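> There's a structure below that I have some questions on.
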Amino acid sequence: MDLNLLAIIIMGAWVLAIVAAGLVMSLRPGGVAVRLSPANATTSGSAGRRDEILLGGDAEVFGNVRGRVRAVQLRPDSRQLQDVELASGLEGRAVPASAIVSADGKVLRLAERWPDSPLDEPRDDVPTLRQDATVVSAEGKRLGKLRLVCFDASSGTVTTLVVEGRGTRGRRLLPIERVNAAGPYRIATDLKASEWAMLQPFAT
């Protein structure tokens with residue numbers, strides 16, 4: 001077989017594989033953005049200790065790493081944490097929010113025991129905040145990537161998201177009240193692109 005023809009066949013197969021992977025990602029369960037209910041007084045008035053979950057960070061039980069935090073899921077009506085999705089190798093599992101002991105922005109510490117709830121079928125009816133999800137403005141412009149999820153430790157209510165700006169290392173705090181809908185790969189906000197610079201910088 002001619003080498004040029006072989007190279008064309010290989011490149012064509014590679015392109016088809018990339019297109020197929022893109023279709024799978026767009027049609028996979030949990031790929032639909034879920035709208036959040038308007039923030040109520042309880043959500044916006046949280047004033048307890050702020051804990052921070054680093055997406056992609058380690059999750060530990062008594063110092064032993066149990067996996068990496070891949071995503072968190074919220075209750076759409078109250079914006080409280082519902083589950084934390086851990087990745088361990090090629091497997092994923094859901095840990096209930098009640099198992100969280102603390103989160104310092106580096107390590108998520110969990111209780112020794114919690115009810116098992118393996119992720120056999122990812123749910124597509126709850127807002128999912130996934131590592132590196134793209135955050136977009138009201139005009140549809142890309143603002144940056146999701147890095148951390150901040151929540152009130154006493155109520156479990158998510159209060160702010162930490163977003164790393166596009167083309168810059170600066171991170172800013174996005175109030176959860178500005179989020180309209182959240183899916184695994186895209187977070188829609190009512191924030192105008194021009195308002196990005198006015199958000200409070202995130203200080204570690």
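Going by the structure tokens order, chains are called A, B, ..., each with residues numbered from 1, while ligands are numbered from 1 in the order shown.
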Excluding A:Glu52 and its own-chain neighbours fewer than 4 positions away, which residues fall within 9 Å of it when counting only C-alpha atoms? Please give them as a list of chain:residue names.
A:Ser102, A:Ala103, A:Asp104, A:Gly105, A:Lys106, A:Val107, A:Leu108, A:Leu148, A:Val149, A:Cys150, A:Phe151, A:Asp152
> When you look at stretch 63-66 of chain A with a cut-off of 10 Å (counting only C-alpha atoms), what residues show up, excluding the ones that are within fewer than 2 positions of it in the same chain? I need them as a list of chain:residue names.
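Selected residues are A:Asp58, A:Ala59, A:Glu60, A:Val61, A:Arg68, A:Val69, A:Leu86, A:Ala87, A:Ser88, A:Val107, A:Leu108, A:Arg109, A:Leu110.
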> Restricting it to C-alpha atoms, dump the selection as a PDB file, in the first residue's frame.

```pdb
ATOM      1  CA  ASP A  58      -7.299  15.320  47.411  1.00  0.00           C
ATOM      2  CA  ALA A  59     -10.061  13.904  49.600  1.00  0.00           C
ATOM      3  CA  GLU A  60      -8.759  12.301  52.790  1.00  0.00           C
ATOM      4  CA  VAL A  61     -10.004  10.188  55.664  1.00  0.00           C
ATOM      5  CA  ARG A  68      -9.633  13.363  44.041  1.00  0.00           C
ATOM      6  CA  VAL A  69     -12.592  15.721  44.008  1.00  0.00           C
ATOM      7  CA  LEU A  86     -14.681  11.509  43.927  1.00  0.00           C
ATOM      8  CA  ALA A  87     -12.476   9.969  41.253  1.00  0.00           C
ATOM      9  CA  SER A  88     -10.258   7.054  42.192  1.00  0.00           C
ATOM     10  CA  VAL A 107      -7.676  19.056  51.129  1.00  0.00           C
ATOM     11  CA  LEU A 108     -11.248  17.832  51.604  1.00  0.00           C
ATOM     12  CA  ARG A 109     -11.466  15.906  54.882  1.00  0.00           C
ATOM     13  CA  LEU A 110     -14.187  13.290  55.222  1.00  0.00           C
TER      14      LEU A 110
END
```
> Take atom CA of A:Ala153 and atom CA of A:Arg113 and report the distance between them in Å, one decimal.
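Atom-to-atom, atom CA of A:Ala153 and atom CA of A:Arg113 are spaced 19.1 Å apart.
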> What separation in Å, quoted to one decimal, exists between atom CA of A:Leu143 and atom CA of A:Thr128?
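Atom CA of A:Leu143 sits 18.1 Å away from atom CA of A:Thr128.
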